[in-house]
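Quick look at target_18.csv (CSV, C-alpha atoms and all ligand atoms):
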chain,number,residue,atom,x,y,z
A,227,MET,CA,109.7,77.6,9.4
A,228,ALA,CA,110.7,74.4,11.3
A,229,SER,CA,113.8,76.1,12.6
A,230,SER,CA,111.9,79.2,13.8
A,231,ARG,CA,109.4,76.8,15.6
A,232,ARG,CA,112.4,75.0,17.2
A,233,LYS,CA,113.8,78.4,18.3
A,234,PHE,CA,110.4,79.4,19.7
A,235,LEU,CA,110.1,76.1,21.7
A,236,LYS,CA,113.7,76.5,23.0
A,237,GLU,CA,113.0,80.0,24.1
A,238,ALA,CA,109.7,79.1,25.6
A,239,THR,CA,111.2,76.2,27.5
A,240,ALA,CA,113.9,78.4,28.9
A,241,LEU,CA,111.3,81.0,29.9
A,242,ALA,CA,109.2,78.3,31.5
A,243,GLY,CA,112.3,77.1,33.4
A,244,ILE,CA,112.8,80.7,34.7
A,245,LEU,CA,109.2,80.9,35.7
A,246,GLY,CA,109.3,77.5,37.3
A,247,ILE,CA,106.5,76.1,35.2
A,248,GLY,CA,108.5,73.8,32.9
A,249,PRO,CA,107.5,70.5,34.5
A,250,LEU,CA,103.8,71.3,34.0
A,251,TRP,CA,104.1,70.7,30.3
A,252,ASN,CA,104.6,67.1,31.0
A,253,ARG,CA,101.8,66.8,33.4
A,254,ALA,CA,98.7,64.7,32.6
A,255,TRP,CA,96.4,67.6,32.6
A,256,SER,CA,98.3,69.3,29.8
A,257,ARG,CA,96.8,66.6,27.5
A,258,HIS,CA,93.3,67.7,28.3
A,259,ARG,CA,93.3,71.4,28.3
A,260,MET,CA,90.3,73.1,29.8
A,261,PRO,CA,88.4,74.4,26.8
A,262,ALA,CA,87.6,78.1,26.7
A,263,LEU,CA,84.0,77.5,25.9
A,264,PRO,CA,81.1,79.8,26.6
A,265,ASN,CA,78.9,79.0,29.6
A,266,ALA,CA,76.7,76.9,27.3
A,267,ASN,CA,74.1,75.8,29.9
A,268,GLY,CA,73.8,79.2,31.5
A,269,ASN,CA,74.4,78.0,34.9
A,270,ALA,CA,75.6,80.4,37.6
A,271,ALA,CA,78.0,79.6,40.4
A,272,MET,CA,79.6,81.3,43.4
A,273,VAL,CA,82.4,80.3,45.8
A,274,SER,CA,83.5,82.3,48.8
A,275,THR,CA,86.0,81.6,51.5
A,276,TRP,CA,85.3,80.4,55.0
A,277,ASN,CA,82.0,80.0,56.9
A,278,HIS,CA,80.9,83.6,56.1
A,279,GLY,CA,81.0,82.5,52.5
A,280,MET,CA,77.6,80.9,53.0
A,281,LEU,CA,75.8,84.2,53.6
A,282,ALA,CA,78.0,85.9,51.0
A,283,ASN,CA,76.8,83.4,48.4
A,284,ASP,CA,73.2,83.9,49.4
A,285,ALA,CA,73.6,87.7,49.0
A,286,GLY,CA,75.4,87.1,45.6
A,287,PHE,CA,72.6,84.9,44.3
A,288,ALA,CA,70.0,87.3,45.5
A,289,ALA,CA,71.7,90.0,43.5
A,290,LEU,CA,71.7,87.7,40.5
A,291,GLU,CA,68.0,87.0,40.8
A,292,ASN,CA,67.4,90.7,40.9
A,293,GLY,CA,69.0,90.9,37.4
A,294,GLY,CA,72.6,91.5,38.6
A,295,THR,CA,75.8,90.4,37.0
A,296,ALA,CA,78.8,88.5,38.3
A,297,LEU,CA,80.3,91.8,39.5
A,298,ASP,CA,77.0,92.6,41.4
A,299,MET,CA,77.2,89.1,43.0
A,300,ILE,CA,80.7,89.8,44.2
A,301,GLU,CA,79.9,93.3,45.5
A,302,ALA,CA,76.7,92.1,47.3
A,303,GLY,CA,78.4,89.2,49.0
A,304,ALA,CA,81.5,91.2,50.1
A,305,ARG,CA,79.4,94.1,51.4
A,306,LEU,CA,77.4,91.7,53.6
A,307,VAL,CA,80.5,90.4,55.3
A,308,GLU,CA,82.1,93.9,55.5
A,309,ALA,CA,79.0,95.1,57.4
A,310,ASP,CA,79.2,92.3,60.0
A,311,ALA,CA,80.6,93.9,63.1
A,312,GLU,CA,81.1,90.5,64.8
A,313,GLY,CA,83.6,89.3,62.2
A,314,LEU,CA,87.2,90.0,63.3
A,315,SER,CA,88.9,90.1,59.9
A,316,VAL,CA,86.8,92.0,57.4
A,317,GLY,CA,85.4,95.5,57.4
A,318,ILE,CA,83.9,96.9,60.6
A,319,GLY,CA,85.0,94.8,63.6
A,320,GLY,CA,88.3,93.8,62.0
A,321,LEU,CA,91.3,93.5,64.4
A,322,PRO,CA,93.5,96.5,64.2
A,323,ASP,CA,97.2,96.9,63.5
A,324,ARG,CA,99.6,97.0,66.3
A,325,ASP,CA,99.0,100.7,66.8
A,326,GLY,CA,95.2,100.2,67.1
A,327,HIS,CA,94.2,101.3,63.6
A,328,VAL,CA,91.8,99.2,61.5
A,329,THR,CA,93.1,99.4,58.0
A,330,LEU,CA,91.3,97.8,55.1
A,331,ASP,CA,92.3,96.3,51.7
A,332,ALA,CA,90.0,95.2,48.9
A,333,CYS,CA,89.9,94.6,45.2
A,334,ILE,CA,87.6,93.5,42.5
A,335,MET,CA,88.1,92.2,38.9
A,336,ASP,CA,85.8,91.3,36.0
A,337,HIS,CA,86.0,88.9,33.0
A,338,THR,CA,87.6,91.6,30.8
A,339,LYS,CA,90.6,92.2,33.1
A,340,ASN,CA,89.1,95.4,34.4
A,341,ALA,CA,90.3,95.7,38.0
A,342,GLY,CA,90.0,98.1,40.9
A,343,SER,CA,91.7,98.1,44.2
A,344,VAL,CA,92.1,100.1,47.4
A,345,CYS,CA,94.5,99.5,50.3
A,346,PHE,CA,95.4,100.9,53.7
A,347,VAL,CA,92.0,102.5,53.9
A,348,GLN,CA,90.6,103.7,57.2
A,349,GLY,CA,87.0,104.6,58.3
A,350,ILE,CA,85.3,103.5,55.1
A,351,MET,CA,82.5,100.9,55.6
A,352,HIS,CA,82.6,99.3,52.2
A,353,PRO,CA,86.1,99.1,50.6
A,354,ILE,CA,84.8,96.6,48.0
A,355,SER,CA,82.4,99.3,46.6
A,356,LEU,CA,85.2,101.8,46.6
A,357,ALA,CA,87.4,99.4,44.7
A,358,ARG,CA,84.6,98.9,42.2
A,359,LYS,CA,84.4,102.7,41.8
A,360,VAL,CA,88.1,102.9,41.2
A,361,MET,CA,87.7,100.3,38.5
A,362,GLU,CA,84.6,101.8,36.8
A,363,GLU,CA,85.1,105.5,37.3
A,364,THR,CA,88.8,106.3,37.3
A,365,PRO,CA,91.7,105.7,34.9
A,366,HIS,CA,93.6,103.8,37.7
A,367,VAL,CA,93.6,100.3,39.2
A,368,MET,CA,94.7,101.1,42.7
A,369,LEU,CA,94.3,103.9,45.2
A,370,ALA,CA,96.0,103.9,48.6
A,371,GLY,CA,95.4,105.4,52.1
A,372,ALA,CA,94.4,109.0,52.3
A,373,GLY,CA,93.9,109.4,48.6
A,374,ALA,CA,91.4,106.4,48.5
A,375,GLU,CA,89.6,107.9,51.6
A,376,GLN,CA,89.4,111.3,49.9
A,377,TYR,CA,87.9,109.6,46.8
A,378,ALA,CA,85.4,107.8,49.0
A,379,ARG,CA,84.3,111.1,50.6
A,380,GLU,CA,83.9,112.7,47.2
A,381,LEU,CA,81.6,109.8,46.3
A,382,GLY,CA,79.6,110.3,49.6
A,383,MET,CA,80.4,106.8,50.8
A,384,GLU,CA,79.4,105.7,54.2
A,385,GLU,CA,82.1,106.3,56.9
A,386,SER,CA,82.3,104.8,60.4
A,387,ASN,CA,84.7,104.2,63.3
A,388,LEU,CA,85.6,100.6,62.4
A,389,LEU,CA,87.2,99.7,65.7
A,390,THR,CA,84.5,97.9,67.7
A,391,GLU,CA,84.7,97.3,71.4
A,392,LYS,CA,85.2,93.6,70.9
A,393,ALA,CA,88.2,94.2,68.6
A,394,SER,CA,89.6,96.9,70.9
A,395,LEU,CA,89.5,94.6,73.9
A,396,ALA,CA,91.3,91.9,71.9
A,397,TRP,CA,93.9,94.5,70.9
A,398,GLU,CA,94.4,95.6,74.6
A,399,LYS,CA,94.9,92.0,75.5
A,400,TRP,CA,97.4,91.5,72.7
A,401,LYS,CA,99.3,94.6,73.9
A,402,ALA,CA,100.1,92.8,77.1
A,403,THR,CA,102.7,90.8,75.2
A,404,ALA,CA,102.7,92.7,71.9
A,405,ASN,CA,104.2,89.7,70.2
A,406,TYR,CA,103.6,89.8,66.5
A,407,LYS,CA,103.6,86.3,65.2
A,408,PRO,CA,101.3,85.2,62.3
A,409,VAL,CA,99.4,82.2,63.5
A,410,ILE,CA,97.4,79.7,61.5
A,411,ASN,CA,94.2,79.7,63.4
A,412,ILE,CA,91.0,80.8,61.6
A,413,GLU,CA,90.6,84.1,63.6
A,414,ASN,CA,93.7,85.6,62.0
A,415,HIS,CA,93.0,84.4,58.5
A,416,ASP,CA,89.5,85.2,57.6
A,417,THR,CA,89.7,87.3,54.5
A,418,ILE,CA,86.7,86.8,52.3
A,419,GLY,CA,87.6,86.0,48.7
A,420,LEU,CA,84.7,85.5,46.3
A,421,LEU,CA,84.4,84.3,42.8
A,422,ALA,CA,81.2,84.3,40.7
A,423,LEU,CA,80.0,83.1,37.3
A,424,ASP,CA,76.7,84.6,36.0
A,425,HIS,CA,74.2,83.2,33.5
A,426,ASN,CA,76.0,85.0,30.7
A,427,GLY,CA,79.2,83.1,31.5
A,428,HIS,CA,80.9,86.2,32.8
A,429,LEU,CA,83.3,85.7,35.7
A,430,ALA,CA,84.2,88.2,38.4
A,431,GLY,CA,86.0,88.1,41.7
A,432,GLY,CA,86.6,90.1,44.8
A,433,CYS,CA,88.6,90.1,48.0
A,434,THR,CA,88.2,92.2,51.1
A,435,THR,CA,90.0,92.2,54.5
A,436,SER,CA,91.3,94.0,57.5
A,437,GLY,CA,94.5,92.0,57.0
A,438,VAL,CA,96.5,90.1,59.5
A,439,ALA,CA,95.9,91.2,63.1
A,440,TYR,CA,98.4,93.5,64.8
A,441,LYS,CA,100.5,94.0,61.6
A,442,MET,CA,102.8,97.0,61.4
A,443,HIS,CA,101.0,100.2,60.7
A,444,GLY,CA,101.1,100.7,56.9
A,445,ARG,CA,101.5,97.0,56.1
A,446,VAL,CA,99.5,95.9,53.1
A,447,GLY,CA,98.9,92.2,52.3
A,448,ASP,CA,98.0,90.2,49.2
A,449,SER,CA,94.3,90.9,49.3
A,450,PRO,CA,94.2,94.1,47.3
A,451,ILE,CA,97.0,93.0,45.0
A,452,ILE,CA,95.8,91.9,41.6
A,453,GLY,CA,97.5,88.6,40.8
A,454,ALA,CA,98.2,87.8,44.4
A,455,GLY,CA,95.0,87.9,46.4
A,456,LEU,CA,92.8,87.8,43.4
A,457,TYR,CA,92.9,87.1,39.7
A,458,VAL,CA,90.3,86.6,37.0
A,459,ASP,CA,90.6,85.7,33.4
A,460,GLY,CA,87.3,85.6,31.6
A,461,GLU,CA,88.5,82.9,29.3
A,462,VAL,CA,89.8,80.6,32.0
A,463,GLY,CA,88.6,81.2,35.5
A,464,GLY,CA,89.3,83.0,38.7
A,465,ALA,CA,91.3,82.4,41.9
A,466,THR,CA,91.5,84.1,45.3
A,467,ALA,CA,93.7,83.6,48.4
A,468,THR,CA,93.3,83.7,52.1
A,469,GLY,CA,96.0,83.4,54.7
A,470,LEU,CA,99.4,85.0,55.2
A,471,GLY,CA,99.6,87.6,52.5
A,472,GLU,CA,103.4,87.7,52.4
A,473,ALA,CA,103.6,84.1,51.2
A,474,VAL,CA,100.9,84.7,48.6
A,475,MET,CA,102.6,87.8,47.3
A,476,ARG,CA,106.0,86.2,47.1
A,477,THR,CA,104.5,83.5,44.8
A,478,VAL,CA,101.9,85.6,43.0
A,479,GLY,CA,99.5,83.0,44.0
A,480,SER,CA,96.2,83.7,42.4
A,481,PHE,CA,97.7,84.5,39.0
A,482,LEU,CA,99.6,81.2,39.3
A,483,VAL,CA,96.4,79.3,39.9
A,484,VAL,CA,94.7,80.8,36.9
A,485,GLU,CA,97.7,80.2,34.7
A,486,LEU,CA,97.8,76.6,35.8
A,487,MET,CA,94.1,76.3,34.8
A,488,ARG,CA,94.9,77.9,31.5
A,489,GLN,CA,97.4,75.0,30.9
A,490,GLY,CA,94.6,72.5,31.6
A,491,ALA,CA,94.7,71.9,35.4
A,492,SER,CA,91.3,71.7,37.1
A,493,PRO,CA,90.6,74.3,39.7
A,494,GLN,CA,91.4,71.7,42.4
A,495,GLU,CA,94.7,70.7,40.8
A,496,ALA,CA,95.7,74.3,40.3
A,497,CYS,CA,95.1,75.2,43.9
A,498,TYR,CA,97.0,72.2,45.0
A,499,GLU,CA,100.0,73.1,42.8
A,500,ALA,CA,100.1,76.7,43.9
A,501,VAL,CA,100.1,75.5,47.5
A,502,GLN,CA,103.1,73.3,46.7
A,503,ARG,CA,104.9,76.3,45.2
A,504,ILE,CA,104.7,77.9,48.6
A,505,ILE,CA,105.7,74.8,50.5
A,506,GLN,CA,108.8,74.4,48.2
A,507,SER,CA,109.7,78.1,48.6
A,508,MET,CA,109.7,78.8,52.4
A,509,PRO,CA,109.1,77.2,55.8
A,510,THR,CA,105.4,76.8,56.3
A,511,ASP,CA,105.0,75.3,59.8
A,512,ASP,CA,103.8,78.6,61.1
A,513,LEU,CA,101.9,80.0,58.2
A,514,GLN,CA,98.6,79.2,56.5
A,515,VAL,CA,97.5,79.9,52.9
A,516,GLY,CA,94.4,78.7,51.2
A,517,TYR,CA,93.5,79.0,47.6
A,518,LEU,CA,90.1,78.9,46.0
A,519,ALA,CA,89.4,78.7,42.3
A,520,LEU,CA,86.4,78.7,39.9
A,521,GLY,CA,86.5,77.6,36.3
A,522,ARG,CA,84.4,79.2,33.7
A,523,ASP,CA,82.4,76.0,33.5
A,524,GLY,CA,81.3,76.5,37.1
A,525,ARG,CA,83.7,73.8,38.6
A,526,CYS,CA,85.5,74.9,41.7
A,527,GLY,CA,88.4,73.7,43.9
A,528,GLY,CA,90.3,74.7,46.9
A,529,HIS,CA,93.4,73.7,48.8
A,530,ALA,CA,95.4,74.9,51.8
A,531,ILE,CA,98.8,74.3,53.4
A,532,HIS,CA,97.2,73.2,56.7
A,533,GLY,CA,93.9,71.8,57.7
A,534,GLY,CA,91.0,74.1,58.8
A,535,PHE,CA,90.3,75.9,55.5
A,536,ASN,CA,86.8,75.7,54.2
A,537,TYR,CA,84.7,77.5,51.6
A,538,ALA,CA,81.1,77.8,50.5
A,539,TYR,CA,80.1,76.7,47.0
A,540,HIS,CA,76.8,77.4,45.3
A,541,HIS,CA,75.9,76.2,41.8
A,542,SER,CA,72.5,77.1,40.3
A,543,GLU,CA,72.0,73.6,38.9
A,544,SER,CA,73.3,71.5,41.8
A,545,PHE,CA,71.4,73.3,44.5
A,546,GLU,CA,67.7,73.8,44.1
A,547,SER,CA,67.3,76.5,46.8
A,548,SER,CA,69.0,79.8,46.1
A,549,VAL,CA,69.7,80.3,49.8
A,550,HIS,CA,71.9,77.3,50.5
A,551,SER,CA,75.4,76.8,49.6
A,552,LYS,CA,77.5,73.7,50.3
A,553,LEU,CA,80.3,74.2,52.8
A,554,ILE,CA,83.4,72.3,51.7
A,555,ASP,CA,86.3,71.5,53.9
A,556,ALA,CA,89.5,71.9,52.0
A,557,SER,CA,91.7,70.7,54.8
A,558,HIS,CA,93.1,67.9,52.7
A,559,GLY,CA,92.0,69.1,49.3
A,560,THR,CA,88.7,68.6,47.7
B,601,LIG,N1,95.5,87.6,53.3
B,601,LIG,C1,95.3,88.5,54.3
B,601,LIG,C2,96.5,89.4,54.5
B,601,LIG,O1,97.6,88.9,54.5
B,601,LIG,C3,94.9,87.9,55.6
B,601,LIG,C4,93.8,87.0,55.6
B,601,LIG,O2,93.6,86.2,54.7
B,601,LIG,O3,93.0,87.0,56.6
B,601,LIG,O4,96.3,90.5,54.8
Render the structure in this file as structure tokens.
Ligand code: ASP
Amino acid sequence: MASSRRKFLKEATALAGILGIGPLWNRAWSRHRMPALPNANGNAAMVSTWNHGMLANDAGFAALENGGTALDMIEAGARLVEADAEGLSVGIGGLPDRDGHVTLDACIMDHTKNAGSVCFVQGIMHPISLARKVMEETPHVMLAGAGAEQYARELGMEESNLLTEKASLAWEKWKATANYKPVINIENHDTIGLLALDHNGHLAGGCTTSGVAYKMHGRVGDSPIIGAGLYVDGEVGGATATGLGEAVMRTVGSFLVVELMRQGASPQEACYEAVQRIIQSMPTDDLQVGYLALGRDGRCGGHAIHGGFNYAYHHSESFESSVHSKLIDASHGT
């Protein structure tokens, strides 16, 4: 018995080394693991990236008050931002790729690890709803491009020309130099990632974006990739990412955040650690990534490589009005 335990620990330690998580076992937080308790007090919470997260949370809590679930909160919040033609990075109005096409990515996930995703979708107003249909109505997790669009048409989903005049003018201006260089300002990294906890203690998450501006045609980022742009584990918590998708995908960021929380890290500590993983892996002077996490107890945290990342947090107990979230600046961690 003792020898098989020793063998297990040896193998697990070797595996942890391969996965790069070994040192965590010695961290302080491993001594006070986050308990996988039900949401005993029935509080609900929602966190969403960037300023537009404020309105997204309002829409999410309105859906909750109408009897909705965490999934409904996510879909309602995401749809609101997707429909905003002024926003340059989500849904209609999103900046196009270098050839002038607006291509959208989105995914959604619930507390039971059901997940749905669509990527490289054009002309569809609400990719988050399409992702939810993929999750709930098909045997698949992910549909891409023309196949996803065909499915949206079969469902009778709203279609539209997503390239607005504002985005088209910005693209024309960009074409003067046509220099693709990911930059760390907010305009280019405004994906909305949302995480919600409902009164039943169920978690859900979603992510929707037009991706980085002026990308190559066909490029898909982290946002629709389960484990990269979003991950939810109903026993632990959820995480989502914003920023340069390539860096998030290469470090499987959102899954990492949730796994760190499983080992006892707070949402804040987990986001901080996942950001360090990127910093240790690649040069980060010219790239921004921000993580946002929500524990199943309603606590949240966020952290980014550079300053300028913020998110909106609404908790049913801490905030009396259902229409006001707190905007948190995660520039230096929260
Ligand atoms: N993560 C998105 C992508 O790489 C970009 C963003 O967050 O705005 O496509």
List all protein, DNA and RNA residues that have an atom no more than 9 Å from any atom of ligand LIG 601 (chain B), counting all atoms listed in the file, and report them as a ChimeraX atom specification. /A:315-316,330-331,412-419,434-439,441,445-450,455,467-475,514-516
Might you pull out every residue within 10 Å of Ile504 in chain A, with all atoms listed in the file counted and same-chain residues fewer than 5 positions away left off, and present them as an mmCIF file with C-alpha atoms, keeping the file's coordinate frame?
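That gives us part.cif:
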data_model
loop_
_atom_site.group_PDB
_atom_site.id
_atom_site.type_symbol
_atom_site.label_atom_id
_atom_site.label_comp_id
_atom_site.auth_asym_id
_atom_site.auth_seq_id
_atom_site.Cartn_x
_atom_site.Cartn_y
_atom_site.Cartn_z
ATOM 1 C CA ALA A 473 103.600 84.100 51.200
ATOM 2 C CA VAL A 474 100.900 84.700 48.600
ATOM 3 C CA ARG A 476 106.000 86.200 47.100
ATOM 4 C CA THR A 477 104.500 83.500 44.800
ATOM 5 C CA VAL A 478 101.900 85.600 43.000
ATOM 6 C CA GLY A 479 99.500 83.000 44.000
ATOM 7 C CA GLU A 499 100.000 73.100 42.800
ATOM 8 C CA PRO A 509 109.100 77.200 55.800
ATOM 9 C CA THR A 510 105.400 76.800 56.300
ATOM 10 C CA VAL A 515 97.500 79.900 52.900
ATOM 11 C CA ILE A 531 98.800 74.300 53.400
#
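Those residues that approach Gly349 in chain A to within 6 Å, counting only C-alpha atoms, are A:Glu385, A:Ser386, A:Asn387, A:Leu388; same-chain residues fewer than 4 positions away are not listed.
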Determine, counting only C-alpha atoms, every residue of protein, DNA or RNA that lies within 9 Å of (91.5, 102.3, 52.9) in the file coordinates, then give the result as a ChimeraX atom specification. /A:329-332,344-350,353,356,369-375
Point-to-point distance in Å for CA of Gly534 in chain A and CA of Phe287 in chain A: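 Separating CA of Phe287 in chain A from CA of Gly534 in chain A is a distance of 25.8 Å.
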Quick one, how far is CA of Ala396 in chain A from CA of Thr275 in chain A? 23.5 Å
Name the closest residue to Ala538 in chain A among the candidates A:His337, A:Lys552, A:Lys401, A:Arg522; distances are taken between atoms, counting only C-alpha atoms.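 Closest candidate: A:Lys552.
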CA of Met299 in chain A to CA of Cys433 in chain A, straight-line distance in Å: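 The value is 12.5 Å.
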